[in-house]
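Trainee: Could you have a look at this structure, given as structure tokens, before my questions?
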Amino acid sequence: MTVDVPCSVAMVQLLIKHLPSERYRKEIYIAGNQSAVDNLAVLDRLVSTRNEIAKVLSFSSYAHLSTSSNVVEDPQSVLAFLATLSERLRGVADKEVMLLRGEKRKETGDDGAEVCAWDAAASSPGCCA
């Protein structure tokens with residue numbers, strides 16, 4: 001059976017959360033996260049225009065412009081903060097992935113099963129609320 005559904009974010013999240021079939025969750029996740037080819041040209045123009053605006057305003061990049069009026073002084077500070085945060089949370093994240101992997105392996109009976117994006121979204125409490 002084939003059903004055509006609108007590929008909105010809300011619909012994708014709803015289906016991923018409630019579909020018991022990993023195969024269908026995967027198909028919907030992939031379809032819902034693909035961008036239209038037409039959008040790529042728009043995004044390229046957007047990035048180029050942002051860079052031009054930054055240069056006109058004497059910034060070396062849009063990232064520098066974007067962070068100039070924030071508490072964060074520059075893009076390097078943002079990257080350093082994210083690296084520190086990642087380092088501190090790695091152990092907790094690894095434990096949570098192990099728990100999810102264990103649940104998936106128990107549910108599927110497959111000792112080699114790995115957790116995929118569509119599984120995490122489906123099992124996350126409130127992920128699609």
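Residue numbering restarts at 1 for every chain of the structure tokens, chains are lettered A, B, ... in their displayed order, and ligands are numbered from 1 as they appear.
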Any idea what's packed within 7 Å of region 74-77 of chain A, counting only C-alpha atoms, ignoring anything in its chain fewer than 3 positions away? Could you give it as a PyMOL selection string?
Mentor: chain A and resi 63-64+67-68+80-81
Trainee: Write out, as a Markdown table, each residue of region 27-95 of chain A that has an atom at most 10 Å from region 5-20 of chain A, together with the closest pair of atoms and their distance in Å to one decimal, counting only C-alpha atoms, rows going by chain and rising number.
Mentor:
```
| residue | atom | partner | partner_atom | distance |
| --- | --- | --- | --- | --- |
| A:Glu27 | CA | A:Ile16 | CA | 9.6 |
| A:Ile28 | CA | A:Val12 | CA | 6.5 |
| A:Tyr29 | CA | A:Val12 | CA | 6.8 |
| A:Ile30 | CA | A:Val12 | CA | 9.7 |
| A:Ala31 | CA | A:Cys7 | CA | 7.7 |
| A:Gly32 | CA | A:Cys7 | CA | 5.9 |
| A:Asn33 | CA | A:Val9 | CA | 8.8 |
```
Trainee: Selection from above, all heavy atoms, as a compact mmCIF listing (two decimals), in the first residue's frame, can you write it?
Mentor:
```txt
# COMPACT_ATOMS: atom_id res chain seq x y z
N GLU A 27 12.63 5.50 5.70
CA GLU A 27 12.23 6.12 4.42
C GLU A 27 11.67 7.53 4.64
O GLU A 27 12.01 8.46 3.90
CB GLU A 27 11.19 5.25 3.71
CG GLU A 27 11.76 4.00 3.10
CD GLU A 27 10.71 3.17 2.38
OE1 GLU A 27 9.67 3.71 1.95
OE2 GLU A 27 10.93 1.95 2.27
N ILE A 28 10.84 7.67 5.65
CA ILE A 28 10.24 8.98 5.92
C ILE A 28 11.28 9.96 6.44
O ILE A 28 11.30 11.12 6.04
CB ILE A 28 9.06 8.82 6.91
CG1 ILE A 28 7.91 8.14 6.17
CG2 ILE A 28 8.63 10.16 7.49
CD1 ILE A 28 6.81 7.64 7.05
N TYR A 29 12.18 9.50 7.28
CA TYR A 29 13.24 10.37 7.80
C TYR A 29 14.09 10.90 6.64
O TYR A 29 14.37 12.10 6.55
CB TYR A 29 14.11 9.61 8.79
CG TYR A 29 15.23 10.44 9.35
CD1 TYR A 29 15.02 11.25 10.46
CD2 TYR A 29 16.49 10.44 8.76
CE1 TYR A 29 16.04 12.03 10.98
CE2 TYR A 29 17.52 11.22 9.27
CZ TYR A 29 17.29 12.01 10.38
OH TYR A 29 18.30 12.78 10.87
N ILE A 30 14.49 10.02 5.75
CA ILE A 30 15.33 10.43 4.62
C ILE A 30 14.57 11.38 3.70
O ILE A 30 15.09 12.43 3.31
CB ILE A 30 15.86 9.19 3.85
CG1 ILE A 30 16.88 8.45 4.73
CG2 ILE A 30 16.48 9.60 2.52
CD1 ILE A 30 17.29 7.09 4.20
N ALA A 31 13.33 11.03 3.36
CA ALA A 31 12.54 11.89 2.48
C ALA A 31 12.30 13.27 3.12
O ALA A 31 12.38 14.29 2.45
CB ALA A 31 11.20 11.23 2.17
N GLY A 32 12.05 13.28 4.41
CA GLY A 32 11.77 14.54 5.10
C GLY A 32 12.98 15.42 5.31
O GLY A 32 12.85 16.59 5.60
N ASN A 33 14.17 14.84 5.17
CA ASN A 33 15.39 15.61 5.39
C ASN A 33 16.15 15.90 4.11
O ASN A 33 17.28 16.38 4.15
CB ASN A 33 16.30 14.88 6.39
CG ASN A 33 15.79 15.04 7.80
OD1 ASN A 33 15.92 16.09 8.39
ND2 ASN A 33 15.16 14.01 8.32
```
Trainee: Looking only at alpha helix (DSSP H) from DSSP on the backbone, list the matching residues of chain A as a VMD selection string.
Mentor: chain A and resid 9 to 18 22 to 32 37 to 56 62 to 67 75 to 108 117 to 123
Trainee: Next, write the just-selected residues to a file, as a PDB file, in the first residue's frame, keeping C-alpha atoms as the atom set.
Mentor:
```
ATOM      1  CA  VAL A   9       8.298  18.846   9.456  1.00  0.00           C
ATOM      2  CA  ALA A  10       5.298  18.212  11.696  1.00  0.00           C
ATOM      3  CA  MET A  11       4.106  15.281   9.581  1.00  0.00           C
ATOM      4  CA  VAL A  12       7.564  13.725   9.390  1.00  0.00           C
ATOM      5  CA  GLN A  13       7.986  13.982  13.165  1.00  0.00           C
ATOM      6  CA  LEU A  14       4.535  12.563  13.804  1.00  0.00           C
ATOM      7  CA  LEU A  15       5.105   9.567  11.526  1.00  0.00           C
ATOM      8  CA  ILE A  16       8.585   8.837  12.880  1.00  0.00           C
ATOM      9  CA  LYS A  17       7.264   8.918  16.410  1.00  0.00           C
ATOM     10  CA  HIS A  18       4.351   6.552  15.812  1.00  0.00           C
ATOM     11  CA  GLU A  22      11.972   0.831  11.184  1.00  0.00           C
ATOM     12  CA  ARG A  23      11.939   0.516   7.387  1.00  0.00           C
ATOM     13  CA  TYR A  24       9.181   3.105   7.030  1.00  0.00           C
ATOM     14  CA  ARG A  25      10.635   5.394   9.700  1.00  0.00           C
ATOM     15  CA  LYS A  26      13.920   5.363   7.766  1.00  0.00           C
ATOM     16  CA  GLU A  27      12.229   6.121   4.424  1.00  0.00           C
ATOM     17  CA  ILE A  28      10.236   8.983   5.921  1.00  0.00           C
ATOM     18  CA  TYR A  29      13.239  10.372   7.797  1.00  0.00           C
ATOM     19  CA  ILE A  30      15.333  10.428   4.616  1.00  0.00           C
ATOM     20  CA  ALA A  31      12.536  11.895   2.480  1.00  0.00           C
ATOM     21  CA  GLY A  32      11.767  14.537   5.097  1.00  0.00           C
ATOM     22  CA  VAL A  37      17.428  20.887  -5.630  1.00  0.00           C
ATOM     23  CA  ASP A  38      15.935  24.320  -6.336  1.00  0.00           C
ATOM     24  CA  ASN A  39      16.688  25.324  -2.757  1.00  0.00           C
ATOM     25  CA  LEU A  40      20.421  24.763  -3.194  1.00  0.00           C
ATOM     26  CA  ALA A  41      20.778  27.713  -5.566  1.00  0.00           C
ATOM     27  CA  VAL A  42      18.824  29.903  -3.134  1.00  0.00           C
ATOM     28  CA  LEU A  43      21.050  28.822  -0.256  1.00  0.00           C
ATOM     29  CA  ASP A  44      24.195  29.489  -2.305  1.00  0.00           C
ATOM     30  CA  ARG A  45      22.938  33.013  -3.054  1.00  0.00           C
ATOM     31  CA  LEU A  46      22.093  33.532   0.604  1.00  0.00           C
ATOM     32  CA  VAL A  47      25.573  32.528   1.749  1.00  0.00           C
ATOM     33  CA  SER A  48      27.191  34.698  -0.911  1.00  0.00           C
ATOM     34  CA  THR A  49      25.023  37.713  -0.055  1.00  0.00           C
ATOM     35  CA  ARG A  50      25.706  37.325   3.668  1.00  0.00           C
ATOM     36  CA  ASN A  51      29.420  37.283   2.941  1.00  0.00           C
ATOM     37  CA  GLU A  52      29.143  40.404   0.767  1.00  0.00           C
ATOM     38  CA  ILE A  53      27.238  42.249   3.504  1.00  0.00           C
ATOM     39  CA  ALA A  54      29.910  41.308   6.047  1.00  0.00           C
ATOM     40  CA  LYS A  55      32.689  42.558   3.759  1.00  0.00           C
ATOM     41  CA  VAL A  56      30.885  45.867   3.143  1.00  0.00           C
ATOM     42  CA  TYR A  62      29.433  36.639   8.134  1.00  0.00           C
ATOM     43  CA  ALA A  63      30.299  34.588  11.235  1.00  0.00           C
ATOM     44  CA  HIS A  64      32.331  37.535  12.548  1.00  0.00           C
ATOM     45  CA  LEU A  65      29.467  39.930  11.820  1.00  0.00           C
ATOM     46  CA  SER A  66      26.938  37.606  13.410  1.00  0.00           C
ATOM     47  CA  THR A  67      28.906  37.256  16.636  1.00  0.00           C
ATOM     48  CA  PRO A  75      33.545  32.595  15.717  1.00  0.00           C
ATOM     49  CA  GLN A  76      36.662  31.054  17.295  1.00  0.00           C
ATOM     50  CA  SER A  77      35.176  31.634  20.760  1.00  0.00           C
ATOM     51  CA  VAL A  78      32.003  29.847  19.674  1.00  0.00           C
ATOM     52  CA  LEU A  79      34.013  26.891  18.378  1.00  0.00           C
ATOM     53  CA  ALA A  80      36.077  26.747  21.578  1.00  0.00           C
ATOM     54  CA  PHE A  81      32.903  26.811  23.692  1.00  0.00           C
ATOM     55  CA  LEU A  82      31.315  24.038  21.619  1.00  0.00           C
ATOM     56  CA  ALA A  83      34.477  21.916  21.822  1.00  0.00           C
ATOM     57  CA  THR A  84      34.558  22.282  25.618  1.00  0.00           C
ATOM     58  CA  LEU A  85      30.864  21.485  25.899  1.00  0.00           C
ATOM     59  CA  SER A  86      31.246  18.440  23.654  1.00  0.00           C
ATOM     60  CA  GLU A  87      34.208  17.201  25.700  1.00  0.00           C
ATOM     61  CA  ARG A  88      32.297  17.541  28.966  1.00  0.00           C
ATOM     62  CA  LEU A  89      29.143  15.842  27.673  1.00  0.00           C
ATOM     63  CA  ARG A  90      30.779  13.020  25.687  1.00  0.00           C
ATOM     64  CA  GLY A  91      30.592  10.481  28.526  1.00  0.00           C
ATOM     65  CA  VAL A  92      26.904  11.139  29.189  1.00  0.00           C
ATOM     66  CA  ALA A  93      26.094  10.998  25.479  1.00  0.00           C
ATOM     67  CA  ASP A  94      27.983   7.709  25.055  1.00  0.00           C
ATOM     68  CA  LYS A  95      26.026   6.166  27.950  1.00  0.00           C
ATOM     69  CA  GLU A  96      22.715   7.285  26.446  1.00  0.00           C
ATOM     70  CA  VAL A  97      23.635   5.843  23.054  1.00  0.00           C
ATOM     71  CA  MET A  98      24.551   2.553  24.744  1.00  0.00           C
ATOM     72  CA  LEU A  99      21.138   2.500  26.459  1.00  0.00           C
ATOM     73  CA  LEU A 100      19.334   3.210  23.173  1.00  0.00           C
ATOM     74  CA  ARG A 101      21.410   0.575  21.369  1.00  0.00           C
ATOM     75  CA  GLY A 102      20.573  -1.976  24.076  1.00  0.00           C
ATOM     76  CA  GLU A 103      16.857  -1.217  23.774  1.00  0.00           C
ATOM     77  CA  LYS A 104      16.952  -1.496  19.980  1.00  0.00           C
ATOM     78  CA  ARG A 105      18.835  -4.792  20.131  1.00  0.00           C
ATOM     79  CA  LYS A 106      16.362  -6.148  22.665  1.00  0.00           C
ATOM     80  CA  GLU A 107      13.394  -4.940  20.580  1.00  0.00           C
ATOM     81  CA  THR A 108      14.702  -6.289  17.257  1.00  0.00           C
ATOM     82  CA  ALA A 117      18.528   9.018  13.578  1.00  0.00           C
ATOM     83  CA  TRP A 118      15.005   7.740  12.921  1.00  0.00           C
ATOM     84  CA  ASP A 119      15.242   5.467  15.987  1.00  0.00           C
ATOM     85  CA  ALA A 120      16.418   8.210  18.331  1.00  0.00           C
ATOM     86  CA  ALA A 121      13.627  10.511  17.148  1.00  0.00           C
ATOM     87  CA  ALA A 122      11.026   7.795  17.647  1.00  0.00           C
ATOM     88  CA  SER A 123      12.203   6.915  21.153  1.00  0.00           C
TER      89      SER A 123
END
```
Trainee: Find the distance between CA of Thr2 (chain A) and CA of Ala36 (chain A) and write it in Å to one decimal.
Mentor: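 Calculated distance between CA of Thr2 (chain A) and CA of Ala36 (chain A) is 21.7 Å.
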Trainee: Do you have the CA of Glu114 (chain A)-CA of Asp4 (chain A) distance handy?
Mentor: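 That distance, rounded to one decimal, is 28.7 Å.
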Trainee: One decimal, in Å: what's the spacing between CA of Ser35 (chain A) and CA of Cys116 (chain A)?
Mentor: 19.7 Å
